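Visitor: This one is input.pdb, PDB, C-alpha atoms and all ligand atoms.
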ATOM      1  CA  MET A1304      -0.582   7.576   8.634  1.00  0.00           C
ATOM      2  CA  GLU A1305       1.770   5.159  10.298  1.00  0.00           C
ATOM      3  CA  ALA A1306       0.561   1.804  11.596  1.00  0.00           C
ATOM      4  CA  ASN A1307       1.056   3.023  15.158  1.00  0.00           C
ATOM      5  CA  PHE A1308      -1.501   5.806  14.680  1.00  0.00           C
ATOM      6  CA  TRP A1309      -4.183   3.274  13.734  1.00  0.00           C
ATOM      7  CA  HIS A1310      -3.241   0.783  16.461  1.00  0.00           C
ATOM      8  CA  LYS A1311      -3.670   3.599  19.008  1.00  0.00           C
ATOM      9  CA  CYS A1312      -7.089   4.519  17.558  1.00  0.00           C
ATOM     10  CA  TRP A1313      -8.244   0.938  18.065  1.00  0.00           C
ATOM     11  CA  GLU A1314      -6.661   0.611  21.544  1.00  0.00           C
ATOM     12  CA  ARG A1315      -8.254   3.886  22.692  1.00  0.00           C
ATOM     13  CA  ASN A1316     -11.512   3.181  20.891  1.00  0.00           C
ATOM     14  CA  THR A1317     -11.347   6.536  19.082  1.00  0.00           C
ATOM     15  CA  LEU A1318     -13.313   5.361  16.068  1.00  0.00           C
ATOM     16  CA  GLY A1319     -15.099   8.469  14.812  1.00  0.00           C
ATOM     17  CA  PHE A1320     -14.897   7.053  11.263  1.00  0.00           C
ATOM     18  CA  HIS A1321     -16.901   3.937  12.144  1.00  0.00           C
ATOM     19  CA  GLN A1322     -20.496   3.957  10.875  1.00  0.00           C
ATOM     20  CA  VAL A1323     -23.197   2.265  12.868  1.00  0.00           C
ATOM     21  CA  GLU A1324     -25.382   1.764   9.798  1.00  0.00           C
ATOM     22  CA  TYR A1325     -24.714   0.594   6.267  1.00  0.00           C
ATOM     23  CA  HIS A1326     -23.576   3.376   3.993  1.00  0.00           C
ATOM     24  CA  PRO A1327     -26.805   4.683   2.384  1.00  0.00           C
ATOM     25  CA  LEU A1328     -25.275   4.781  -1.117  1.00  0.00           C
ATOM     26  CA  LEU A1329     -24.784   1.002  -1.069  1.00  0.00           C
ATOM     27  CA  GLU A1330     -28.487   0.388  -1.545  1.00  0.00           C
ATOM     28  CA  ARG A1331     -29.200   3.489  -3.653  1.00  0.00           C
ATOM     29  CA  VAL A1332     -26.264   3.555  -6.046  1.00  0.00           C
ATOM     30  CA  VAL A1333     -23.943   0.563  -5.627  1.00  0.00           C
ATOM     31  CA  LEU A1334     -26.594  -2.173  -5.743  1.00  0.00           C
ATOM     32  CA  PRO A1335     -28.067  -1.050  -9.100  1.00  0.00           C
ATOM     33  CA  GLU A1336     -24.510  -1.188 -10.511  1.00  0.00           C
ATOM     34  CA  LEU A1337     -23.974  -4.726  -9.180  1.00  0.00           C
ATOM     35  CA  LEU A1338     -27.280  -5.814 -10.663  1.00  0.00           C
ATOM     36  CA  LYS A1339     -26.426  -4.371 -14.089  1.00  0.00           C
ATOM     37  CA  ASP A1340     -23.912  -7.175 -14.600  1.00  0.00           C
ATOM     38  CA  GLU A1341     -26.286  -9.837 -13.486  1.00  0.00           C
ATOM     39  CA  CYS A1342     -29.587  -9.205 -15.299  1.00  0.00           C
ATOM     40  CA  SER A1343     -31.333  -9.805 -11.975  1.00  0.00           C
ATOM     41  CA  THR A1344     -33.708  -8.021  -9.704  1.00  0.00           C
ATOM     42  CA  LYS A1345     -32.985  -7.627  -6.035  1.00  0.00           C
ATOM     43  CA  GLN A1346     -35.745 -10.039  -5.052  1.00  0.00           C
ATOM     44  CA  HIS A1347     -34.055 -12.844  -6.934  1.00  0.00           C
ATOM     45  CA  VAL A1348     -30.521 -12.277  -5.782  1.00  0.00           C
ATOM     46  CA  GLY A1349     -28.949 -14.497  -3.160  1.00  0.00           C
ATOM     47  CA  VAL A1350     -25.228 -14.755  -2.712  1.00  0.00           C
ATOM     48  CA  TRP A1351     -23.565 -14.955  -6.111  1.00  0.00           C
ATOM     49  CA  PRO A1352     -21.251 -17.831  -5.174  1.00  0.00           C
ATOM     50  CA  ASN A1353     -18.521 -16.862  -7.626  1.00  0.00           C
ATOM     51  CA  LYS A1354     -18.481 -13.137  -6.983  1.00  0.00           C
ATOM     52  CA  ARG A1355     -15.770 -11.693  -4.746  1.00  0.00           C
ATOM     53  CA  VAL A1356     -15.398  -8.258  -3.219  1.00  0.00           C
ATOM     54  CA  LEU A1357     -12.293  -6.774  -1.612  1.00  0.00           C
ATOM     55  CA  VAL A1358     -12.673  -4.230   1.186  1.00  0.00           C
ATOM     56  CA  PRO A1359      -9.251  -2.624   1.779  1.00  0.00           C
ATOM     57  CA  LEU A1360      -8.546  -0.974   5.157  1.00  0.00           C
ATOM     58  CA  SER A1361     -11.851  -2.415   6.248  1.00  0.00           C
ATOM     59  CA  GLY A1362     -11.881  -1.634   9.962  1.00  0.00           C
ATOM     60  CA  LYS A1363     -14.869  -3.438  11.439  1.00  0.00           C
ATOM     61  CA  SER A1364     -17.221  -1.940   8.877  1.00  0.00           C
ATOM     62  CA  ASP A1365     -20.654  -3.500   8.679  1.00  0.00           C
ATOM     63  CA  ASP A1366     -20.696  -2.565   5.000  1.00  0.00           C
ATOM     64  CA  MET A1367     -18.960  -5.958   4.712  1.00  0.00           C
ATOM     65  CA  ILE A1368     -22.136  -7.553   6.054  1.00  0.00           C
ATOM     66  CA  TRP A1369     -24.124  -5.735   3.371  1.00  0.00           C
ATOM     67  CA  PHE A1370     -21.807  -7.084   0.652  1.00  0.00           C
ATOM     68  CA  ALA A1371     -21.888 -10.579   2.167  1.00  0.00           C
ATOM     69  CA  GLU A1372     -25.560 -10.791   1.186  1.00  0.00           C
ATOM     70  CA  TYR A1373     -24.418 -10.788  -2.431  1.00  0.00           C
ATOM     71  CA  ALA A1374     -20.843 -12.011  -2.644  1.00  0.00           C
ATOM     72  CA  ASN A1375     -17.799 -13.438  -0.917  1.00  0.00           C
ATOM     73  CA  VAL A1376     -16.087 -10.710   1.090  1.00  0.00           C
ATOM     74  CA  VAL A1377     -12.386 -10.286   1.789  1.00  0.00           C
ATOM     75  CA  GLY A1378     -11.453  -7.504   4.196  1.00  0.00           C
ATOM     76  CA  SER A1379      -7.925  -6.243   4.787  1.00  0.00           C
ATOM     77  CA  GLU A1380      -7.286  -4.699   8.195  1.00  0.00           C
ATOM     78  CA  LEU A1381      -4.183  -3.914  10.217  1.00  0.00           C
ATOM     79  CA  SER A1382      -5.707  -4.103  13.672  1.00  0.00           C
ATOM     80  CA  LYS A1383      -6.307  -7.324  15.590  1.00  0.00           C
ATOM     81  CA  ILE A1384      -8.822  -5.447  17.771  1.00  0.00           C
ATOM     82  CA  ALA A1385     -10.837  -4.433  14.686  1.00  0.00           C
ATOM     83  CA  CYS A1386     -10.934  -7.995  13.338  1.00  0.00           C
ATOM     84  CA  GLN A1387     -11.845  -9.501  16.711  1.00  0.00           C
ATOM     85  CA  ASP A1388     -14.519  -6.869  17.375  1.00  0.00           C
ATOM     86  CA  PHE A1389     -16.082  -7.269  13.936  1.00  0.00           C
ATOM     87  CA  PHE A1390     -16.939 -10.896  14.779  1.00  0.00           C
ATOM     88  CA  LYS A1391     -17.439 -10.444  18.554  1.00  0.00           C
ATOM     89  CA  GLU A1392     -20.128  -7.835  17.894  1.00  0.00           C
ATOM     90  CA  LYS A1393     -21.965 -10.541  15.957  1.00  0.00           C
ATOM     91  CA  GLN A1394     -21.578 -12.963  18.882  1.00  0.00           C
ATOM     92  CA  LEU A1395     -19.038 -14.998  16.927  1.00  0.00           C
ATOM     93  CA  ASN A1396     -15.847 -16.276  18.460  1.00  0.00           C
ATOM     94  CA  ILE A1397     -13.510 -16.819  15.529  1.00  0.00           C
ATOM     95  CA  GLN A1398     -10.033 -18.240  15.994  1.00  0.00           C
ATOM     96  CA  PRO A1399      -7.737 -16.817  13.303  1.00  0.00           C
ATOM     97  CA  LYS A1400      -5.393 -18.995  11.255  1.00  0.00           C
ATOM     98  CA  ARG A1401      -1.885 -17.887  10.427  1.00  0.00           C
ATOM     99  CA  ASP A1402      -1.007 -17.442   6.743  1.00  0.00           C
ATOM    100  CA  GLY A1403       2.513 -16.016   6.364  1.00  0.00           C
ATOM    101  CA  ASP A1404       2.513 -12.491   7.754  1.00  0.00           C
ATOM    102  CA  PHE A1405      -1.266 -12.503   8.202  1.00  0.00           C
ATOM    103  CA  PHE A1406      -3.885 -13.816  10.597  1.00  0.00           C
ATOM    104  CA  VAL A1407      -7.028 -14.815   8.751  1.00  0.00           C
ATOM    105  CA  TYR A1408     -10.437 -14.694  10.418  1.00  0.00           C
ATOM    106  CA  ARG A1409     -13.012 -16.683   8.448  1.00  0.00           C
ATOM    107  CA  HIS A1410     -16.726 -17.121   8.906  1.00  0.00           C
ATOM    108  CA  GLU A1411     -19.045 -18.306   6.136  1.00  0.00           C
ATOM    109  CA  ASN A1412     -18.407 -16.024   3.141  1.00  0.00           C
ATOM    110  CA  ILE A1413     -16.383 -13.359   4.993  1.00  0.00           C
ATOM    111  CA  SER A1414     -12.604 -13.461   5.518  1.00  0.00           C
ATOM    112  CA  LEU A1415     -10.668 -10.757   7.300  1.00  0.00           C
ATOM    113  CA  TRP A1416      -6.950 -10.684   6.602  1.00  0.00           C
ATOM    114  CA  GLN A1417      -5.291  -9.024   9.565  1.00  0.00           C
ATOM    115  CA  GLY A1418      -1.967  -7.481   8.569  1.00  0.00           C
ATOM    116  CA  ASP A1419      -0.549  -4.883   6.216  1.00  0.00           C
ATOM    117  CA  PHE A1420      -2.615  -4.283   3.073  1.00  0.00           C
ATOM    118  CA  PHE A1421       0.582  -3.353   1.230  1.00  0.00           C
ATOM    119  CA  SER A1422       1.871  -6.939   1.683  1.00  0.00           C
ATOM    120  CA  LEU A1423      -1.198  -8.652   0.196  1.00  0.00           C
ATOM    121  CA  THR A1424      -0.920 -10.294  -3.224  1.00  0.00           C
ATOM    122  CA  THR A1425      -3.333 -11.966  -5.621  1.00  0.00           C
ATOM    123  CA  ASP A1426      -1.502 -15.223  -4.840  1.00  0.00           C
ATOM    124  CA  LEU A1427      -2.706 -14.886  -1.254  1.00  0.00           C
ATOM    125  CA  ILE A1428      -6.232 -13.534  -1.658  1.00  0.00           C
ATOM    126  CA  GLY A1429      -7.103 -14.068  -5.328  1.00  0.00           C
ATOM    127  CA  GLU A1430      -8.853 -11.792  -7.799  1.00  0.00           C
ATOM    128  CA  PHE A1431     -11.951  -9.659  -7.347  1.00  0.00           C
ATOM    129  CA  ASP A1432     -15.096  -8.611  -9.192  1.00  0.00           C
ATOM    130  CA  TRP A1433     -15.599  -5.580  -6.982  1.00  0.00           C
ATOM    131  CA  ILE A1434     -13.539  -3.452  -4.641  1.00  0.00           C
ATOM    132  CA  TYR A1435     -15.170  -1.163  -2.105  1.00  0.00           C
ATOM    133  CA  ASP A1436     -13.134   1.715  -0.699  1.00  0.00           C
ATOM    134  CA  ARG A1437     -14.878   3.672   2.029  1.00  0.00           C
ATOM    135  CA  ALA A1438     -12.587   5.780   4.234  1.00  0.00           C
ATOM    136  CA  ALA A1439      -9.476   3.959   2.988  1.00  0.00           C
ATOM    137  CA  LEU A1440      -7.866   6.234   0.368  1.00  0.00           C
ATOM    138  CA  ILE A1441      -9.014   9.314   2.281  1.00  0.00           C
ATOM    139  CA  ALA A1442      -7.536   7.898   5.498  1.00  0.00           C
ATOM    140  CA  LEU A1443      -4.068   8.244   3.996  1.00  0.00           C
ATOM    141  CA  PRO A1444      -2.018  11.431   3.624  1.00  0.00           C
ATOM    142  CA  GLU A1445      -1.257  12.636   0.108  1.00  0.00           C
ATOM    143  CA  THR A1446       2.282  11.197   0.290  1.00  0.00           C
ATOM    144  CA  MET A1447       0.908   7.663   0.745  1.00  0.00           C
ATOM    145  CA  GLN A1448      -2.032   7.840  -1.646  1.00  0.00           C
ATOM    146  CA  GLN A1449      -0.260   6.893  -4.892  1.00  0.00           C
ATOM    147  CA  SER A1450       1.436   3.858  -3.279  1.00  0.00           C
ATOM    148  CA  TYR A1451      -1.928   2.785  -1.898  1.00  0.00           C
ATOM    149  CA  VAL A1452      -3.579   3.173  -5.302  1.00  0.00           C
ATOM    150  CA  ASN A1453      -0.725   1.279  -6.990  1.00  0.00           C
ATOM    151  CA  GLN A1454      -1.253  -1.599  -4.556  1.00  0.00           C
ATOM    152  CA  LEU A1455      -5.011  -1.432  -5.181  1.00  0.00           C
ATOM    153  CA  LYS A1456      -4.394  -1.650  -8.927  1.00  0.00           C
ATOM    154  CA  ASN A1457      -2.765  -5.075  -8.416  1.00  0.00           C
ATOM    155  CA  PHE A1458      -6.285  -6.291  -7.643  1.00  0.00           C
ATOM    156  CA  ILE A1459      -8.018  -4.546 -10.561  1.00  0.00           C
ATOM    157  CA  ASN A1460      -8.330  -6.778 -13.607  1.00  0.00           C
ATOM    158  CA  PRO A1461     -10.422  -6.085 -16.739  1.00  0.00           C
ATOM    159  CA  HIS A1462     -13.520  -7.438 -14.939  1.00  0.00           C
ATOM    160  CA  THR A1463     -13.103  -5.521 -11.680  1.00  0.00           C
ATOM    161  CA  THR A1464     -15.164  -2.514 -10.652  1.00  0.00           C
ATOM    162  CA  LEU A1465     -13.856  -0.278  -7.890  1.00  0.00           C
ATOM    163  CA  PHE A1466     -16.363   1.758  -5.910  1.00  0.00           C
ATOM    164  CA  LEU A1467     -14.499   4.650  -4.295  1.00  0.00           C
ATOM    165  CA  LEU A1468     -16.010   7.063  -1.783  1.00  0.00           C
ATOM    166  CA  THR A1469     -14.239  10.363  -1.179  1.00  0.00           C
ATOM    167  CA  LEU A1470     -14.712  13.560   0.767  1.00  0.00           C
ATOM    168  CA  GLU A1471     -14.038  17.097  -0.381  1.00  0.00           C
ATOM    169  CA  PHE A1472     -13.566  20.038   1.966  1.00  0.00           C
ATOM    170  CA  PRO A1473     -11.193  23.027   2.061  1.00  0.00           C
ATOM    171  CA  THR A1474      -7.731  21.598   2.802  1.00  0.00           C
ATOM    172  CA  ASP A1475      -6.757  24.415   5.161  1.00  0.00           C
ATOM    173  CA  GLU A1476      -9.845  24.057   7.348  1.00  0.00           C
ATOM    174  CA  MET A1477      -9.107  20.663   8.905  1.00  0.00           C
ATOM    175  CA  SER A1478      -6.094  18.406   9.269  1.00  0.00           C
ATOM    176  CA  GLY A1479      -6.674  14.753   8.483  1.00  0.00           C
ATOM    177  CA  PRO A1480      -7.431  11.983   8.600  1.00  0.00           C
ATOM    178  CA  PRO A1481      -9.682  12.017   6.680  1.00  0.00           C
ATOM    179  CA  PHE A1482      -7.913  13.925   3.905  1.00  0.00           C
ATOM    180  CA  PRO A1483      -9.828  15.653   1.109  1.00  0.00           C
ATOM    181  CA  VAL A1484      -9.498  14.038  -2.322  1.00  0.00           C
ATOM    182  CA  ASP A1485     -11.111  15.926  -5.192  1.00  0.00           C
ATOM    183  CA  GLU A1486     -12.000  14.802  -8.723  1.00  0.00           C
ATOM    184  CA  LEU A1487      -8.758  16.066 -10.220  1.00  0.00           C
ATOM    185  CA  ARG A1488      -6.758  14.094  -7.665  1.00  0.00           C
ATOM    186  CA  VAL A1489      -8.815  10.942  -8.315  1.00  0.00           C
ATOM    187  CA  SER A1490      -8.121  11.335 -12.062  1.00  0.00           C
ATOM    188  CA  GLU A1491      -4.393  11.771 -11.353  1.00  0.00           C
ATOM    189  CA  LEU A1492      -4.215   8.741  -9.083  1.00  0.00           C
ATOM    190  CA  PHE A1493      -6.135   6.595 -11.587  1.00  0.00           C
ATOM    191  CA  SER A1494      -4.804   8.269 -14.749  1.00  0.00           C
ATOM    192  CA  ASP A1495      -4.633   4.926 -16.611  1.00  0.00           C
ATOM    193  CA  HIS A1496      -8.184   3.935 -15.612  1.00  0.00           C
ATOM    194  CA  SER A1497     -11.686   4.985 -16.510  1.00  0.00           C
ATOM    195  CA  VAL A1498     -13.199   7.153 -13.749  1.00  0.00           C
ATOM    196  CA  THR A1499     -16.905   8.025 -13.517  1.00  0.00           C
ATOM    197  CA  CYS A1500     -18.457  10.036 -10.724  1.00  0.00           C
ATOM    198  CA  LEU A1501     -21.714   8.195  -9.933  1.00  0.00           C
ATOM    199  CA  HIS A1502     -22.945  10.430  -7.164  1.00  0.00           C
ATOM    200  CA  ALA A1503     -22.070  13.666  -5.390  1.00  0.00           C
ATOM    201  CA  GLN A1504     -23.817  15.101  -2.382  1.00  0.00           C
ATOM    202  CA  THR A1505     -23.184  18.039  -0.115  1.00  0.00           C
ATOM    203  CA  LEU A1506     -23.352  16.865   3.482  1.00  0.00           C
ATOM    204  CA  LEU A1507     -25.195  19.825   4.964  1.00  0.00           C
ATOM    205  CA  ASP A1508     -24.886  18.551   8.520  1.00  0.00           C
ATOM    206  CA  LYS A1509     -21.078  18.154   7.962  1.00  0.00           C
ATOM    207  CA  ARG A1510     -21.383  14.714   9.527  1.00  0.00           C
ATOM    208  CA  PHE A1511     -18.996  11.917   8.705  1.00  0.00           C
ATOM    209  CA  ALA A1512     -19.978   8.759  10.589  1.00  0.00           C
ATOM    210  CA  GLN A1513     -19.651   9.663  14.298  1.00  0.00           C
ATOM    211  CA  ARG A1514     -17.903  13.010  13.716  1.00  0.00           C
ATOM    212  CA  VAL A1515     -19.174  16.445  12.788  1.00  0.00           C
ATOM    213  CA  PHE A1516     -16.533  18.495  10.986  1.00  0.00           C
ATOM    214  CA  ASP A1517     -15.909  22.183  11.534  1.00  0.00           C
ATOM    215  CA  VAL A1518     -15.526  22.989   7.822  1.00  0.00           C
ATOM    216  CA  SER A1519     -17.345  25.428   5.548  1.00  0.00           C
ATOM    217  CA  HIS A1520     -18.502  22.684   3.193  1.00  0.00           C
ATOM    218  CA  LEU A1521     -18.310  18.933   2.944  1.00  0.00           C
ATOM    219  CA  VAL A1522     -19.045  16.951  -0.211  1.00  0.00           C
ATOM    220  CA  GLU A1523     -19.115  13.189  -0.535  1.00  0.00           C
ATOM    221  CA  LYS A1524     -18.548  11.582  -3.934  1.00  0.00           C
ATOM    222  CA  LEU A1525     -18.847   8.028  -5.155  1.00  0.00           C
ATOM    223  CA  TYR A1526     -16.777   6.976  -8.163  1.00  0.00           C
ATOM    224  CA  LEU A1527     -16.875   3.912 -10.330  1.00  0.00           C
ATOM    225  CA  ILE A1528     -13.406   3.004 -11.563  1.00  0.00           C
ATOM    226  CA  THR A1529     -12.477   0.342 -14.107  1.00  0.00           C
ATOM    227  CA  GLN A1530      -9.561  -0.468 -16.391  1.00  0.00           C
ATOM    228  CA  SER A1531      -9.833   1.719 -19.485  1.00  0.00           C
TER     229      SER A1531
HETATM  230  C1  LIG N   1     -10.501   5.452   8.578  1.00  0.00           C
HETATM  231  S1  LIG N   1     -10.502   3.760   8.976  1.00  0.00           S
HETATM  232  C2  LIG N   1     -11.755   3.161   7.861  1.00  0.00           C
HETATM  233  C3  LIG N   1     -12.239   1.795   8.199  1.00  0.00           C
HETATM  234  C4  LIG N   1     -13.376   1.297   7.302  1.00  0.00           C
HETATM  235  N1  LIG N   1     -13.067   1.349   5.899  1.00  0.00           N
HETATM  236  C5  LIG N   1     -14.671   1.985   7.590  1.00  0.00           C
HETATM  237  O1  LIG N   1     -15.318   2.455   6.639  1.00  0.00           O
HETATM  238  O2  LIG N   1     -15.078   2.043   8.765  1.00  0.00           O
HETATM  239  C6  LIG N   1      -9.005   3.175   8.231  1.00  0.00           C
HETATM  240  C7  LIG N   1      -8.662   1.756   8.644  1.00  0.00           C
HETATM  241  O3  LIG N   1      -7.520   1.328   7.915  1.00  0.00           O
HETATM  242  C8  LIG N   1      -6.735   0.500   8.738  1.00  0.00           C
HETATM  243  N2  LIG N   1      -5.388   0.510   8.158  1.00  0.00           N
HETATM  244  C9  LIG N   1      -4.528   1.550   8.113  1.00  0.00           C
HETATM  245  N3  LIG N   1      -3.408   1.206   7.467  1.00  0.00           N
HETATM  246  C10 LIG N   1      -3.567  -0.087   7.070  1.00  0.00           C
HETATM  247  C11 LIG N   1      -2.747  -1.008   6.356  1.00  0.00           C
HETATM  248  N4  LIG N   1      -1.526  -0.667   5.924  1.00  0.00           N
HETATM  249  N5  LIG N   1      -3.224  -2.250   6.122  1.00  0.00           N
HETATM  250  C12 LIG N   1      -4.465  -2.609   6.552  1.00  0.00           C
HETATM  251  N6  LIG N   1      -5.275  -1.775   7.247  1.00  0.00           N
HETATM  252  C13 LIG N   1      -4.834  -0.541   7.509  1.00  0.00           C
HETATM  253  C14 LIG N   1      -6.858   1.144  10.106  1.00  0.00           C
HETATM  254  O4  LIG N   1      -6.548   0.271  11.164  1.00  0.00           O
HETATM  255  C15 LIG N   1      -8.325   1.571  10.116  1.00  0.00           C
HETATM  256  O5  LIG N   1      -9.140   0.577  10.657  1.00  0.00           O
END
Go ahead and express the file in the form of structure tokens.
Guide:
Amino acid sequence: MEANFWHKCWERNTLGFHQVEYHPLLERVVLPELLKDECSTKQHVGVWPNKRVLVPLSGKSDDMIWFAEYANVVGSELSKIACQDFFKEKQLNIQPKRDGDFFVYRHENISLWQGDFFSLTTDLIGEFDWIYDRAALIALPETMQQSYVNQLKNFINPHTTLFLLTLEFPTDEMSGPPFPVDELRVSELFSDHSVTCLHAQTLLDKRFAQRVFDVSHLVEKLYLITQS
């Protein structure tokens, strides 16, 4: 998808992908994985001051608020409207600061880097313990997916865990975005990484955030990806 497509979505407020609640697998599946590293129980966890999570193609997702309870959050988002609305909806008026090609919105332990994800570097935003991809890879057509994953890999070091959410549905039943990405495709894209499917569920109501898809089946999968 070209930048213009996404700018139009934000201008027209056609945000069917935006969830009004935290993704349910964060609490059920992601949190136990985060805690594994830390030998902690949820009751005793505050923000881990040294932990950092990257949320590529973040939109104005409140999943960033969920992560901010545990770690420092860096979101990457193309749209100025998305970045402004993320904070405005929390009654925060944040003035962005320019950093090269980016505008950076900062509040407490959340930073949103407004600009092109493909231009971000570790020199600019640092390294990460976790990466959370919800509706980012699957937002991109097949022709862009490998470049996106290659850029993502620049932020995966031996200590980084990537949580990747995908959707599977028959390719010929709906044109994207979102685009279906099955297990074989995930393995191809991350062929030099270790890929584990942590969770798979058939979405019987065919609902994806604010949209209901007209497809014969819809499966959501959550993968854990690390350097092999
Ligand atoms: C399908 S939405 C998903 C947003 C978010 N992850 C969520 O779960 O709500 C994809 C988002 O990626 C953003 N985007 C697309 N291309 C981008 C790029 N090259 N750099 C940064 N953000 C981009 C779009 O503006 C849009 O907000």
Visitor: What lies within 9 Å of A:Gly1479 using all atoms listed in the file, ignoring chain neighbours under 4 positions off, as a list in words?
Guide: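 Near A:Gly1479, the qualifying residues are Ile1441, Ala1442, Leu1443, Pro1444, Thr1474 and Pro1483 of chain A.
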Visitor: Based on the selection just made, write C-alpha atoms of those residues as a PDB file, keeping the file's coordinate frame.
Guide:
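again08.pdb was written with the following content:
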ATOM      1  CA  ILE A1441      -9.014   9.314   2.281  1.00  0.00           C
ATOM      2  CA  ALA A1442      -7.536   7.898   5.498  1.00  0.00           C
ATOM      3  CA  LEU A1443      -4.068   8.244   3.996  1.00  0.00           C
ATOM      4  CA  PRO A1444      -2.018  11.431   3.624  1.00  0.00           C
ATOM      5  CA  THR A1474      -7.731  21.598   2.802  1.00  0.00           C
ATOM      6  CA  PRO A1483      -9.828  15.653   1.109  1.00  0.00           C
TER       7      PRO A1483
END
Visitor: Check every protein, DNA and RNA residue against ligand LIG 1 (chain N), keep those with an atom at most 7 Å away (counting all atoms listed in the file), and present them as a PDB file with C-alpha atoms, keeping the file's coordinate frame.
Guide:
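Ended up saving to pocket-v1.pdb:
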ATOM      1  CA  ALA A1306       0.561   1.804  11.596  1.00  0.00           C
ATOM      2  CA  TRP A1309      -4.183   3.274  13.734  1.00  0.00           C
ATOM      3  CA  HIS A1310      -3.241   0.783  16.461  1.00  0.00           C
ATOM      4  CA  PHE A1320     -14.897   7.053  11.263  1.00  0.00           C
ATOM      5  CA  HIS A1321     -16.901   3.937  12.144  1.00  0.00           C
ATOM      6  CA  GLN A1322     -20.496   3.957  10.875  1.00  0.00           C
ATOM      7  CA  PRO A1359      -9.251  -2.624   1.779  1.00  0.00           C
ATOM      8  CA  LEU A1360      -8.546  -0.974   5.157  1.00  0.00           C
ATOM      9  CA  SER A1361     -11.851  -2.415   6.248  1.00  0.00           C
ATOM     10  CA  GLY A1362     -11.881  -1.634   9.962  1.00  0.00           C
ATOM     11  CA  LYS A1363     -14.869  -3.438  11.439  1.00  0.00           C
ATOM     12  CA  SER A1364     -17.221  -1.940   8.877  1.00  0.00           C
ATOM     13  CA  SER A1379      -7.925  -6.243   4.787  1.00  0.00           C
ATOM     14  CA  GLU A1380      -7.286  -4.699   8.195  1.00  0.00           C
ATOM     15  CA  LEU A1381      -4.183  -3.914  10.217  1.00  0.00           C
ATOM     16  CA  SER A1382      -5.707  -4.103  13.672  1.00  0.00           C
ATOM     17  CA  ALA A1385     -10.837  -4.433  14.686  1.00  0.00           C
ATOM     18  CA  GLY A1418      -1.967  -7.481   8.569  1.00  0.00           C
ATOM     19  CA  ASP A1419      -0.549  -4.883   6.216  1.00  0.00           C
ATOM     20  CA  PHE A1420      -2.615  -4.283   3.073  1.00  0.00           C
ATOM     21  CA  PHE A1421       0.582  -3.353   1.230  1.00  0.00           C
ATOM     22  CA  ASP A1436     -13.134   1.715  -0.699  1.00  0.00           C
ATOM     23  CA  ARG A1437     -14.878   3.672   2.029  1.00  0.00           C
ATOM     24  CA  ALA A1438     -12.587   5.780   4.234  1.00  0.00           C
ATOM     25  CA  ALA A1439      -9.476   3.959   2.988  1.00  0.00           C
ATOM     26  CA  ALA A1442      -7.536   7.898   5.498  1.00  0.00           C
ATOM     27  CA  PRO A1481      -9.682  12.017   6.680  1.00  0.00           C
TER      28      PRO A1481
END
Visitor: Evaluate the PyMOL selection byres (((chain A and resi 1499-1504) around 8) and not hetatm) and record the selected residues as an MDAnalysis selection string, following the chain and residue labels used in the document.
Guide: chainID A and resid 1332 1497:1498 1505:1506 1522:1528
Visitor: Can you list what the PyMOL selection byres (((chain A and resi 1395-1398) around 12) and not hetatm) grabs from this structure, as JSON, numbers by chain?
Guide: {"A": [1383, 1386, 1387, 1388, 1389, 1390, 1391, 1392, 1393, 1394, 1399, 1400, 1401, 1406, 1407, 1408, 1409, 1410, 1411, 1413, 1414, 1415]}
Visitor: Give me a file of those residues, with C-alpha atoms, as a PDB file, in the coordinates of the input.
Guide:
ATOM      1  CA  LYS A1383      -6.307  -7.324  15.590  1.00  0.00           C
ATOM      2  CA  CYS A1386     -10.934  -7.995  13.338  1.00  0.00           C
ATOM      3  CA  GLN A1387     -11.845  -9.501  16.711  1.00  0.00           C
ATOM      4  CA  ASP A1388     -14.519  -6.869  17.375  1.00  0.00           C
ATOM      5  CA  PHE A1389     -16.082  -7.269  13.936  1.00  0.00           C
ATOM      6  CA  PHE A1390     -16.939 -10.896  14.779  1.00  0.00           C
ATOM      7  CA  LYS A1391     -17.439 -10.444  18.554  1.00  0.00           C
ATOM      8  CA  GLU A1392     -20.128  -7.835  17.894  1.00  0.00           C
ATOM      9  CA  LYS A1393     -21.965 -10.541  15.957  1.00  0.00           C
ATOM     10  CA  GLN A1394     -21.578 -12.963  18.882  1.00  0.00           C
ATOM     11  CA  PRO A1399      -7.737 -16.817  13.303  1.00  0.00           C
ATOM     12  CA  LYS A1400      -5.393 -18.995  11.255  1.00  0.00           C
ATOM     13  CA  ARG A1401      -1.885 -17.887  10.427  1.00  0.00           C
ATOM     14  CA  PHE A1406      -3.885 -13.816  10.597  1.00  0.00           C
ATOM     15  CA  VAL A1407      -7.028 -14.815   8.751  1.00  0.00           C
ATOM     16  CA  TYR A1408     -10.437 -14.694  10.418  1.00  0.00           C
ATOM     17  CA  ARG A1409     -13.012 -16.683   8.448  1.00  0.00           C
ATOM     18  CA  HIS A1410     -16.726 -17.121   8.906  1.00  0.00           C
ATOM     19  CA  GLU A1411     -19.045 -18.306   6.136  1.00  0.00           C
ATOM     20  CA  ILE A1413     -16.383 -13.359   4.993  1.00  0.00           C
ATOM     21  CA  SER A1414     -12.604 -13.461   5.518  1.00  0.00           C
ATOM     22  CA  LEU A1415     -10.668 -10.757   7.300  1.00  0.00           C
TER      23      LEU A1415
END
Visitor: When distances are computed from only C-alpha atoms, which of A:Pro1473, A:Met1447, A:Arg1331, A:Val1377 shows the smallest separation from A:Leu1427?
Guide: A:Val1377
Visitor: With the file shown as input, list the residues that the PyMOL selection byres (((chain A and resi 1463) around 8) and not hetatm) selects, as a list in words.
Guide: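 With the PyMOL selection byres (((chain A and resi 1463) around 8) and not hetatm) on this model, the match is Phe1431, Asp1432, Trp1433, Ile1434, Phe1458, Ile1459, Asn1460, Pro1461, His1462, Thr1464, Leu1465, Thr1529 and Gln1530 of chain A.
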